[in-house]
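Shown next: target.txt, containing compact mmCIF, C-alpha atoms.
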```txt
# COMPACT_ATOMS: atom_id res chain seq x y z
CA MET A 1 34.88 60.62 140.36
CA SER A 2 38.48 59.80 141.08
CA ASP A 3 41.00 59.34 138.31
CA HIS A 4 41.20 55.66 139.14
CA ALA A 5 37.44 55.23 138.91
CA ARG A 6 37.37 57.11 135.62
CA PHE A 7 40.10 54.88 134.31
CA GLU A 8 38.21 51.71 135.21
CA GLN A 9 34.95 52.99 133.82
CA LEU A 10 36.12 54.72 130.66
CA VAL A 11 39.47 53.26 129.61
CA LEU A 12 39.40 49.61 130.62
CA PRO A 13 36.46 48.77 128.33
CA HIS A 14 38.76 49.57 125.39
CA LEU A 15 41.61 47.37 126.52
CA GLY A 16 40.79 44.82 123.81
CA ALA A 17 41.07 47.42 121.06
CA ALA A 18 44.26 48.72 122.65
CA TYR A 19 45.81 45.28 122.72
CA ASN A 20 44.80 44.49 119.13
CA LEU A 21 46.32 47.76 117.89
CA ALA A 22 49.53 47.28 119.89
CA ARG A 23 49.73 43.68 118.70
CA TRP A 24 49.39 44.67 115.04
CA LEU A 25 51.86 47.53 115.35
CA ALA A 26 54.51 45.65 117.30
CA ARG A 27 53.72 42.28 115.70
CA ASP A 28 54.63 40.52 118.91
CA ALA A 29 52.44 39.38 121.81
CA THR A 30 54.82 40.17 124.67
CA ASP A 31 55.82 43.55 123.30
CA ALA A 32 52.14 44.37 122.80
CA GLU A 33 51.47 43.73 126.49
CA ASP A 34 54.35 46.00 127.51
CA ILE A 35 53.01 48.74 125.26
CA VAL A 36 49.47 48.41 126.62
CA GLN A 37 50.79 48.58 130.16
CA ASP A 38 52.74 51.74 129.42
CA ALA A 39 49.64 53.18 127.72
CA CYS A 40 47.49 52.45 130.78
CA ILE A 41 49.85 54.30 133.08
CA ARG A 42 49.92 57.28 130.72
CA ALA A 43 46.15 57.18 130.38
CA LEU A 44 45.74 57.40 134.13
CA LYS A 45 48.01 60.42 134.21
CA TYR A 46 46.09 62.29 131.53
CA ILE A 47 42.62 61.02 132.27
CA ALA A 48 41.39 64.31 133.69
CA SER A 49 41.67 65.79 130.21
CA MET A 50 39.54 63.19 128.46
CA ASN A 51 36.04 63.66 127.09
CA ARG A 52 33.77 60.77 127.89
CA GLY A 53 32.50 60.72 124.34
CA ASP A 54 35.74 59.67 122.70
CA ALA A 55 37.39 57.43 125.24
CA LYS A 56 38.27 54.86 122.61
CA ALA A 57 39.96 57.24 120.17
CA TRP A 58 41.64 58.98 123.08
CA PHE A 59 43.03 55.77 124.52
CA LEU A 60 44.14 54.46 121.11
CA THR A 61 46.05 57.71 120.58
CA ILE A 62 47.94 56.99 123.76
CA VAL A 63 48.53 53.36 122.75
CA ARG A 64 49.94 54.54 119.46
CA HIS A 65 52.29 57.00 121.18
CA ALA A 66 53.34 54.30 123.62
CA PHE A 67 54.11 52.07 120.66
CA TYR A 68 56.21 54.71 118.89
CA ASP A 69 58.15 55.47 122.07
CA TRP A 70 58.72 51.78 122.63
CA CYS A 71 59.77 51.41 119.02
CA GLU A 72 62.27 54.26 119.30
CA ARG A 73 63.92 52.46 122.20
CA ASN A 74 63.76 48.94 120.83
CA ARG A 75 63.56 49.07 117.06
CA PRO A 76 64.77 52.50 115.95
CA ALA A 77 65.40 51.19 112.43
CA GLU A 78 61.72 50.50 111.91
CA ILE A 79 60.73 54.10 112.57
CA ALA A 80 63.58 55.50 110.51
CA ARG A 81 62.39 53.42 107.61
CA ASP A 82 58.89 54.73 108.03
CA ASP A 83 59.84 58.35 108.38
CA GLY A 84 57.97 60.97 106.36
CA SER A 85 59.05 61.42 102.78
CA ALA A 86 61.29 58.38 102.84
CA LEU A 87 58.18 56.37 103.51
CA GLU A 88 56.18 57.92 100.71
CA ALA A 89 59.06 57.40 98.30
CA ALA A 90 59.58 53.81 99.35
CA VAL A 91 55.95 53.02 98.90
CA ASP A 92 55.69 54.93 95.66
CA HIS A 93 58.38 52.63 94.45
CA ALA A 94 56.49 49.57 95.61
CA ALA A 95 53.26 50.92 94.20
CA VAL A 96 54.70 51.26 90.71
CA ASP A 97 54.01 47.59 90.33
CA PRO A 98 51.93 46.44 93.25
CA GLU A 99 50.81 43.49 91.19
CA GLN A 100 54.27 42.10 90.96
CA ALA A 101 55.19 42.76 94.54
CA ALA A 102 51.97 41.13 95.63
CA VAL A 103 52.30 38.10 93.42
CA ARG A 104 55.51 37.24 95.19
CA ARG A 105 53.85 37.70 98.54
CA ALA A 106 50.46 36.17 97.89
CA GLU A 107 51.83 32.94 96.60
CA SER A 108 53.43 32.03 99.85
CA LYS A 109 51.60 34.16 102.39
CA VAL A 110 48.10 34.61 103.59
CA LEU A 111 46.33 37.95 103.86
CA ALA A 112 47.17 38.33 107.54
CA ASP A 113 50.86 38.23 106.71
CA ALA A 114 50.35 40.75 103.96
CA VAL A 115 48.75 43.10 106.50
CA ALA A 116 51.60 42.54 108.95
CA GLU A 117 54.06 43.42 106.20
CA LEU A 118 52.45 46.71 105.27
CA PRO A 119 54.63 49.69 106.12
CA LEU A 120 53.81 50.96 109.59
CA ALA A 121 52.10 54.15 108.41
CA PHE A 122 49.71 52.18 106.22
CA ARG A 123 49.22 49.34 108.65
CA GLU A 124 48.03 51.55 111.48
CA VAL A 125 45.49 53.37 109.31
CA LEU A 126 44.16 50.10 107.90
CA ILE A 127 43.83 48.49 111.35
CA LEU A 128 42.01 51.53 112.74
CA ARG A 129 39.59 51.58 109.80
CA GLU A 130 38.94 47.94 109.06
CA MET A 131 39.28 46.42 112.50
CA GLU A 132 38.27 49.20 114.85
CA GLU A 133 35.85 50.69 112.32
CA LEU A 134 36.81 54.22 113.28
CA SER A 135 35.82 57.21 111.16
CA TYR A 136 38.32 59.13 109.05
CA LYS A 137 38.04 61.97 111.53
CA GLU A 138 38.91 59.76 114.48
CA ILE A 139 41.80 58.17 112.60
CA ALA A 140 43.10 61.59 111.60
CA ARG A 141 43.11 62.60 115.22
CA ILE A 142 44.75 59.43 116.50
CA VAL A 143 47.49 59.38 113.87
CA ASP A 144 47.78 63.18 113.85
CA ILE A 145 47.49 63.58 110.08
CA PRO A 146 44.95 65.41 107.88
CA ILE A 147 41.87 63.50 106.71
CA GLY A 148 43.16 63.65 103.14
CA THR A 149 46.27 61.78 104.24
CA VAL A 150 44.10 59.19 106.00
CA MET A 151 42.33 58.65 102.70
CA SER A 152 45.49 58.38 100.62
CA ARG A 153 47.20 56.04 103.08
CA LEU A 154 44.12 53.88 103.24
CA ALA A 155 43.99 53.77 99.45
CA ARG A 156 47.65 52.74 99.29
CA ALA A 157 47.19 50.10 101.98
CA ARG A 158 44.26 48.65 100.09
CA ALA A 159 46.06 48.80 96.76
CA LEU A 160 48.99 46.91 98.26
CA LEU A 161 46.69 44.24 99.63
CA GLN A 162 44.48 44.11 96.56
CA GLY A 163 47.47 43.54 94.35
CA SER A 164 47.21 39.90 95.24
CA PRO A 165 45.82 37.73 92.41
CA ARG A 166 43.63 35.82 94.82
CA LEU A 167 41.94 39.04 95.88
CA ARG A 168 41.40 40.00 92.27
CA ALA A 169 39.64 36.71 91.64
CA ILE A 170 37.26 37.43 94.49
CA ALA A 171 36.61 40.96 93.32
CA GLU A 172 35.77 39.71 89.85
CA ARG A 173 33.29 37.22 91.19
CA THR A 174 31.38 40.07 92.81
CA PRO A 175 28.91 41.46 90.24
CA GLY A 176 30.15 44.82 89.00
CA GLY A 177 26.86 46.69 89.21
CA GLU A 178 26.08 45.73 92.76
CA ARG A 179 26.38 48.50 95.27
CA MET B 1 28.32 63.02 88.62
CA LYS B 2 31.14 62.16 86.26
CA CYS B 3 33.63 59.39 86.69
CA ASN B 4 36.51 61.69 87.56
CA GLN B 5 34.42 63.28 90.30
CA ALA B 6 33.05 60.00 91.60
CA GLU B 7 36.22 57.96 91.57
CA PRO B 8 37.99 59.67 94.48
CA LEU B 9 34.81 59.26 96.53
CA VAL B 10 34.23 55.58 95.91
CA ALA B 11 36.47 54.31 98.71
CA ALA B 12 35.16 56.96 101.09
CA TYR B 13 31.63 55.91 100.17
CA ALA B 14 32.48 52.29 100.94
CA ASP B 15 33.77 53.53 104.30
CA GLY B 16 30.50 55.28 105.04
CA GLU B 17 32.18 58.68 104.88
CA VAL B 18 30.15 60.28 102.11
CA GLY B 19 26.99 62.00 103.21
CA GLY B 20 24.15 64.11 101.92
CA LEU B 21 23.93 65.06 98.27
CA SER B 22 27.30 63.55 97.38
CA ARG B 23 26.15 60.22 98.71
CA HIS B 24 23.16 60.25 96.42
CA SER B 25 25.33 61.21 93.44
CA VAL B 26 27.86 58.48 94.12
CA GLU B 27 25.13 55.88 94.48
CA LYS B 28 23.62 56.99 91.19
CA HIS B 29 26.99 56.86 89.51
CA LEU B 30 27.76 53.38 90.84
CA ARG B 31 24.58 52.08 89.24
CA THR B 32 25.68 53.19 85.81
CA CYS B 33 29.49 52.98 85.82
CA ALA B 34 30.91 49.47 85.78
CA ARG B 35 34.46 50.66 86.46
CA CYS B 36 33.61 52.56 89.63
CA ALA B 37 31.21 49.83 90.72
CA ALA B 38 34.02 47.31 90.40
CA LYS B 39 36.27 49.52 92.47
CA HIS B 40 33.59 49.78 95.13
CA ALA B 41 33.08 46.00 95.08
CA GLU B 42 36.84 45.54 95.53
CA VAL B 43 36.87 47.55 98.72
CA LEU B 44 33.94 45.55 100.07
CA ALA B 45 35.50 42.24 99.02
CA LEU B 46 38.77 43.16 100.70
CA ARG B 47 36.87 44.14 103.83
CA ALA B 48 35.05 40.79 103.87
CA ARG B 49 38.35 38.96 103.51
CA LEU B 50 40.03 41.03 106.20
CA ARG B 51 37.19 40.21 108.58
CA ALA B 52 37.30 36.53 107.73
CA GLU B 53 41.03 35.93 107.53
CA VAL B 54 42.88 38.52 109.55
CA PRO B 55 42.75 37.85 113.28
CA TYR B 56 41.54 40.39 115.77
CA PHE B 57 43.93 39.71 118.62
CA ALA B 58 42.01 39.30 121.84
CA ALA B 59 43.73 40.57 124.94
CA PRO B 60 45.34 37.70 126.82
CA PRO B 61 43.31 36.45 129.77
CA GLY B 62 44.00 38.39 132.92
CA LEU B 63 45.41 41.45 131.13
CA GLY B 64 42.49 43.59 132.30
CA GLU B 65 42.96 42.49 135.89
CA ARG B 66 46.72 43.11 135.72
CA MET B 67 46.20 46.60 134.29
CA ARG B 68 43.63 47.40 136.97
CA GLU B 69 46.14 46.26 139.56
CA ILE B 70 48.99 48.34 138.11
CA VAL B 71 46.83 51.42 137.87
CA ARG B 72 45.56 50.99 141.41
CA ASN B 73 49.12 50.93 142.63
CA THR B 74 50.05 54.01 140.66
CA PRO B 75 49.72 57.16 142.73
CA PRO B 76 47.41 59.72 141.12
CA THR B 77 49.96 62.15 139.71
CA ARG B 78 48.24 64.23 137.14
CA ALA B 79 50.10 65.78 134.28
CA THR B 80 50.43 69.49 134.86
CA THR B 81 52.32 70.45 131.72
CA PRO B 82 52.29 69.02 128.24
CA ARG B 83 55.34 66.94 127.48
CA PRO B 84 57.56 69.44 125.72
CA SER B 85 59.46 66.96 123.56
CA ARG B 86 56.39 65.78 121.72
CA LEU B 87 54.28 68.10 119.65
CA ARG B 88 51.83 65.31 119.00
CA TRP B 89 50.80 65.37 122.62
CA GLN B 90 49.67 68.91 122.45
CA TRP B 91 45.94 68.33 122.31
CA LEU B 92 46.25 65.93 125.16
CA GLY B 93 48.55 67.97 127.35
CA GLY B 94 46.65 71.16 126.67
CA GLY B 95 43.46 69.47 127.72
CA ALA B 96 44.98 68.20 130.91
CA LEU B 97 46.08 71.69 131.77
CA ALA B 98 42.70 73.25 131.12
CA GLY B 99 40.92 70.46 132.87
CA SER B 100 42.62 70.72 136.20
CA ALA B 101 44.58 73.62 137.59
CA ALA B 102 43.48 76.40 135.27
CA THR B 103 39.81 75.77 135.84
CA VAL B 104 40.07 76.01 139.58
CA VAL B 105 42.04 79.21 139.47
CA ALA B 106 39.60 80.91 137.13
CA PHE B 107 36.64 79.75 139.18
CA VAL B 108 38.04 81.51 142.20
CA MET B 109 39.23 84.61 140.39
CA GLY B 110 36.42 84.68 137.86
CA THR B 111 34.36 87.47 139.27
CA ALA B 112 37.29 89.77 139.77
CA VAL B 113 39.05 89.17 136.50
CA LEU B 114 36.36 88.76 133.91
CA GLY B 115 33.77 91.30 132.95
CA TRP B 116 31.38 92.01 130.14
CA ARG B 117 32.03 95.39 128.63
CA ALA B 118 29.09 97.80 128.46
CA GLY B 119 25.82 95.95 129.08
CA GLU B 120 24.00 97.06 125.94
CA ASP B 121 26.85 95.92 123.77
CA VAL B 122 26.65 92.46 125.15
CA VAL B 123 22.94 92.04 124.50
CA ALA B 124 23.42 93.15 120.90
CA GLN B 125 26.35 90.79 120.54
CA ALA B 126 24.46 87.94 122.12
CA VAL B 127 21.58 88.36 119.69
CA ALA B 128 23.96 88.69 116.75
CA THR B 129 25.76 85.55 117.86
CA HIS B 130 22.50 83.68 118.29
CA THR B 131 21.29 84.60 114.80
CA ARG B 132 24.65 83.89 113.21
CA ALA B 133 24.74 80.47 114.81
CA THR B 134 21.20 79.75 113.65
CA LEU B 135 21.85 80.87 110.09
CA ASP B 136 25.15 79.04 109.76
CA HIS B 137 23.70 75.91 111.31
CA ARG B 138 26.66 76.11 113.64
CA LEU B 139 24.39 75.78 116.60
CA ILE B 140 26.42 73.23 118.41
CA ASP B 141 30.12 72.44 118.69
CA VAL B 142 29.56 69.55 121.03
CA ALA B 143 26.25 67.82 120.39
CA SER B 144 25.06 65.85 123.34
CA SER B 145 22.13 65.66 125.65
CA ASP B 146 24.46 64.36 128.34
CA ARG B 147 25.64 67.16 130.59
CA HIS B 148 28.57 64.96 131.59
CA THR B 149 29.78 65.25 128.01
CA VAL B 150 28.99 68.92 127.46
CA LYS B 151 30.47 70.25 130.70
CA PRO B 152 33.96 68.73 130.39
CA TRP B 153 34.07 69.67 126.70
CA LEU B 154 33.42 73.29 127.61
CA SER B 155 35.69 73.39 130.64
CA GLU B 156 38.58 72.08 128.60
CA ARG B 157 38.27 75.02 126.27
CA LEU B 158 37.53 77.76 128.74
CA ASP B 159 39.17 79.17 131.79
CA TYR B 160 36.09 78.35 133.82
CA SER B 161 33.78 75.39 134.16
CA PRO B 162 30.15 76.38 133.59
CA PRO B 163 27.23 74.68 135.31
CA VAL B 164 25.38 72.46 132.84
CA ARG B 165 21.91 71.11 133.59
CA ASP B 166 19.47 69.15 131.49
CA LEU B 167 15.83 70.23 131.60
CA VAL B 168 14.38 67.57 129.37
CA GLY B 169 11.78 66.70 132.00
CA GLU B 170 10.59 70.31 131.85
CA GLY B 171 10.36 70.36 128.08
CA PHE B 172 13.72 72.02 127.43
CA PRO B 173 16.09 69.25 126.33
CA LEU B 174 19.78 70.07 126.37
CA LEU B 175 21.05 69.86 122.78
CA GLY B 176 24.70 70.63 123.32
CA GLY B 177 27.22 73.39 123.81
CA ARG B 178 29.22 75.89 121.87
CA LEU B 179 31.95 78.46 122.36
CA ASP B 180 31.24 82.07 121.52
CA THR B 181 32.88 85.40 121.98
CA LEU B 182 30.98 88.03 123.92
CA GLY B 183 32.54 91.26 125.04
CA ARG B 184 35.99 90.06 123.99
CA GLN B 185 35.64 87.07 126.22
CA THR B 186 35.21 83.46 125.21
CA VAL B 187 32.08 82.18 126.84
CA ALA B 188 30.21 78.92 127.16
CA THR B 189 26.96 78.74 125.24
CA LEU B 190 24.51 76.04 126.27
CA VAL B 191 21.99 75.18 123.60
CA TYR B 192 18.54 74.03 124.65
CA GLY B 193 15.54 73.12 122.55
CA TYR B 194 11.94 74.16 123.05
CA ARG B 195 9.56 72.77 120.46
CA LYS B 196 10.91 74.19 117.18
CA HIS B 197 12.92 76.92 118.91
CA THR B 198 16.48 76.93 120.02
CA ILE B 199 17.52 78.73 123.15
CA ASP B 200 21.07 79.89 123.61
CA VAL B 201 22.29 80.38 127.15
CA PHE B 202 25.56 82.24 127.51
CA VAL B 203 27.12 81.51 130.86
CA ARG B 204 30.12 83.11 132.47
CA PRO B 205 31.22 83.87 135.99
CA ASP B 206 29.19 86.65 137.58
CA ALA B 207 30.26 90.23 136.87
CA SER B 208 28.75 93.57 137.74
CA ALA B 209 27.09 95.34 134.79
CA ALA B 210 23.79 93.57 134.20
CA PRO B 211 21.89 94.08 130.96
CA PRO B 212 18.11 94.23 131.58
CA LEU B 213 15.43 92.04 130.03
CA ARG B 214 14.67 93.25 126.59
CA GLU B 215 13.76 92.51 123.07
CA LEU B 216 16.08 93.15 120.17
CA ARG B 217 15.30 92.63 116.49
CA GLY B 218 12.55 90.18 117.36
CA PHE B 219 14.69 88.15 119.73
CA ASN B 220 14.01 88.05 123.42
CA VAL B 221 16.76 88.35 125.94
CA VAL B 222 16.45 87.55 129.59
CA HIS B 223 19.18 87.89 132.11
CA ALA B 224 19.86 86.80 135.65
CA ARG B 225 22.69 86.82 138.13
CA GLU B 226 22.51 84.01 140.57
CA GLY B 227 24.75 81.57 142.36
CA GLY B 228 27.89 83.36 141.22
CA TRP B 229 26.95 83.08 137.54
CA ASP B 230 25.84 85.53 134.94
CA TRP B 231 23.11 84.10 132.68
CA LEU B 232 22.12 85.59 129.35
CA VAL B 233 19.34 83.76 127.52
CA VAL B 234 18.58 84.49 123.85
CA SER B 235 15.84 82.96 121.74
CA ASP B 236 12.92 83.67 119.48
CA ALA B 237 10.69 81.92 121.98
CA SER B 238 8.37 84.26 123.89
CA PRO B 239 9.55 86.16 126.99
CA ASP B 240 7.15 84.13 129.14
CA VAL B 241 8.70 80.88 127.97
CA LEU B 242 12.20 82.26 128.48
CA ASN B 243 11.46 83.51 131.99
CA ASP B 244 9.89 80.19 132.90
CA PHE B 245 12.86 78.36 131.40
CA LEU B 246 15.38 80.53 133.21
CA GLN B 247 13.62 80.00 136.54
CA LYS B 248 13.68 76.23 136.02
CA LEU B 249 17.31 76.32 134.93
CA LEU B 250 18.33 78.34 137.99
CA ARG B 251 16.33 76.09 140.28
CA GLU B 252 17.94 73.01 138.77
CA THR B 253 21.41 74.58 139.01
CA ALA B 254 20.89 75.48 142.65
CA LYS B 255 20.33 71.83 143.52
CA PRO B 256 23.37 70.25 145.06
```

Show how you would write the structure in this file as structure tokens.
Amino acid sequence: MSDHARFEQLVLPHLGAAYNLARWLARDATDAEDIVQDACIRALKYIASMNRGDAKAWFLTIVRHAFYDWCERNRPAEIARDDGSALEAAVDHAAVDPEQAAVRRAESKVLADAVAELPLAFREVLILREMEELSYKEIARIVDIPIGTVMSRLARARALLQGSPRLRAIAERTPGGER
Amino acid sequence: MKCNQAEPLVAAYADGEVGGLSRHSVEKHLRTCARCAAKHAEVLALRARLRAEVPYFAAPPGLGERMREIVRNTPPTRATTPRPSRLRWQWLGGGALAGSAATVVAFVMGTAVLGWRAGEDVVAQAVATHTRATLDHRLIDVASSDRHTVKPWLSERLDYSPPVRDLVGEGFPLLGGRLDTLGRQTVATLVYGYRKHTIDVFVRPDASAAPPLRELRGFNVVHAREGGWDWLVVSDASPDVLNDFLQKLLRETAKP
């Protein structure tokens, strides 16, 4: 099979997931399209190295890289802010009182905005888990972090979102003993 | 399971990432611990809200067609080296390298370059490898009955691309593949099933010293050299079954 045929058969079916990820990372429709286009061209170039079994995770890895490269060119500040320890520290700070931070947010914003406002490193993990329903292992591979880090980032992302009083109300309405 | 053990697992459990015994323990704990149960319910409630309120952005109409167009107009220039500036690309770039140029070269040079060491050694190693894999339950690195999954997985990790055939119609379903070391060489191991038995087939490009058919520590070993490949089959299934299997495998491989 030619590279082009492989691309059409294996990569194109995941274009929707690619667009959704790019859209949530870039938070802009036009930018998301540019990123997906760049990702498609890269995917074609590397397609010979792909296993059929994990086309989706493979393609989303490329989308993510395309986003970060695009971000470096267009919004370098965003990456700098999200860089390594600075990120952890910044979020630690926010997590000291997620309740308070969230109260401010939840009063005026809906959940979708709260997701869009999550720091990049938490947003991408949350989108891959809750929207794409990928496993920890797949997420670890796409984001290039250990599974333990996937778990801790996911926990932080959820804690930041769950800080909202409205979410608490819903959680309390769910019977505690139910599994 | 105590609360301090269960708590870190609650979110993972809600994500379907806790299996086996731990899963049972977490479930038991959630029935008795209100605090952990509430935490679990929170994750589920958040998930329900995310699904209901957070949009999944559908690709704009025509995006698929535009991408198909762009890709069609892009000449097929394969990556030959990993991009040096980005460590994160390594698994991708490395794969691309193994998948294309390297495979072809080794295919051509295979016979000349690669060789088992002394024949007897290899049979002993093959049996040891087979038993170790069985005992460790590490039978399969890539589990798939689809040869189109197993073959590329193996060729990306080897300097040759082994022939992979399914024999499910003959009663020997392909279970997957594995990498092993035999005679200081990394080889492809194809794993087939036969009733309750597993059959390991070590495949590498043909070399000269051929170990004969024999039995070692209760395991049967059959060997063949055909079509430019060296086949070493190890199982606890009977020699008759193995010979029959090998004949069918070779016949299937010989088909265009």

Quiz item: Can you list, as a VMD selection string, every protein, DNA or RNA residue that comes within 9 Å of A:Asn20 when you count all atoms listed in the file, leaving out same-chain residues fewer than 2 positions away?
Solution: (chain A and resid 15 to 18 22 to 25 32 127 131) or (chain B and resid 56 to 59)

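The gap separating atom CA of A:Leu21 from atom CA of A:Ala112 is 14.0 Å, in Å to one decimal.
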
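Distance-wise, atom CA of B:Tyr194 and atom CA of B:Leu179 end up 20.5 Å apart.
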
Report the closest atom pair, with its distance in Å rounded to one decimal, for each residue of stretch 110-146 of chain A that has an atom no farther than 8 Å from stretch 56-76 of chain A; count all atoms listed in the file, sort by chain and then rising residue number, and write it as JSON lines.
```
{"residue": "A:Glu138", "atom": "CA", "partner": "A:Ala57", "partner_atom": "CA", "distance": 6.3}
{"residue": "A:Ile139", "atom": "CA", "partner": "A:Ala57", "partner_atom": "CA", "distance": 7.8}
{"residue": "A:Arg141", "atom": "CA", "partner": "A:Thr61", "partner_atom": "CA", "distance": 7.8}
{"residue": "A:Ile142", "atom": "CA", "partner": "A:Thr61", "partner_atom": "CA", "distance": 4.6}
{"residue": "A:Val143", "atom": "CA", "partner": "A:Thr61", "partner_atom": "CA", "distance": 7.1}
```

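Between atom CA of A:Arg158 and atom CA of B:Lys28 the interatomic distance comes to 24.0 Å.
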
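Counting all atoms listed in the file and comparing A:His14, A:Arg156, A:His4, A:Arg27, the residue that lies closest to chain B is A:His4.
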
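When all atoms listed in the file are used to measure the gap to B:His148, the shortest distance among B:Pro239, B:Gly177, B:Gly227, B:Gly16 belongs to B:Gly177.
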
Enclose the full set of atoms of stretch 220-238 of chain B listed in the file within a box whose edges lie along x, y and z, apply 6 Å of padding to each of the six sides, and report centre and edge lengths in Å to one decimal as lines of an AutoDock Vina configuration file.
```
center_x = 18.1
center_y = 85.0
center_z = 130.9
size_x = 31.5
size_y = 18.8
size_z = 34.9
```

Exercise. Give me the residues within 6 Å of B:Val234 as a PyMOL selection string, counting all atoms listed in the file and dropping any in the same chain fewer than 4 places off.
Key: chain B and resi 199-200+220-221

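Nearest residue to chain A, choosing from B:Glu7, B:Glu226, B:Glu27, B:Glu69 and counting only C-alpha atoms: B:Glu27.
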
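With only C-alpha atoms taken into account, the protein and nucleic acid residues at most 9 Å from A:Tyr136 (excluding it and anything under 2 positions from it in its own chain) are Arg129, Leu134, Glu138, Ile139, Ala140, Arg141, Ile147, Gly148, Val150 and Met151 of chain A; Ala12, Asp15 and Glu17 of chain B.
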
Quiz prompt | Residue nearest B:Thr149 - candidates B:Ala126, B:Val222, B:Leu174, B:Ala133, atoms counted: all atoms listed in the file | solution = B:Leu174

Might you pull out every residue within 12 Å of B:Pro256, with only C-alpha atoms counted and same-chain residues fewer than 6 positions away left off, and present them as an mmCIF file with C-alpha atoms, keeping the file's coordinate frame?
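What ended up in around-v8.cif:
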```cif
data_model
loop_
_atom_site.group_PDB
_atom_site.id
_atom_site.type_symbol
_atom_site.label_atom_id
_atom_site.label_comp_id
_atom_site.auth_asym_id
_atom_site.auth_seq_id
_atom_site.Cartn_x
_atom_site.Cartn_y
_atom_site.Cartn_z
ATOM 1 C CA PRO B 163 27.230 74.680 135.310
ATOM 2 C CA ARG B 165 21.910 71.110 133.590
ATOM 3 C CA GLY B 227 24.750 81.570 142.360
ATOM 4 C CA LEU B 250 18.330 78.340 137.990
#
```

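Distances to B:Val241 were evaluated for B:Tyr160, B:Tyr13, B:Trp153, B:Phe172 using only C-alpha atoms, and the minimum falls at B:Phe172.
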
Expected answer as an mmCIF file with C-alpha atoms, keeping the file's coordinate frame: all residues with atoms within 6 Å of (41.2, 39.7, 106.0), only C-alpha atoms:
```
data_model
loop_
_atom_site.group_PDB
_atom_site.id
_atom_site.type_symbol
_atom_site.label_atom_id
_atom_site.label_comp_id
_atom_site.auth_asym_id
_atom_site.auth_seq_id
_atom_site.Cartn_x
_atom_site.Cartn_y
_atom_site.Cartn_z
ATOM 1 C CA LEU A 111 46.330 37.950 103.860
ATOM 2 C CA ARG B 49 38.350 38.960 103.510
ATOM 3 C CA LEU B 50 40.030 41.030 106.200
ATOM 4 C CA ARG B 51 37.190 40.210 108.580
ATOM 5 C CA ALA B 52 37.300 36.530 107.730
ATOM 6 C CA GLU B 53 41.030 35.930 107.530
ATOM 7 C CA VAL B 54 42.880 38.520 109.550
#
```

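Residue nearest A:Glu124, chosen from A:Leu154, A:Tyr46, A:Thr30, A:Thr149 and counting all atoms listed in the file: A:Leu154.
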
Quiz item: Neighbours of B:Val150 within 12 Å (all atoms listed in the file; same-chain residues fewer than 4 positions away dropped), as a VMD selection string?
Solution: (chain A and resid 51 to 53) or (chain B and resid 140 to 146 154 to 157 161 to 166 174 to 179 188 to 192)
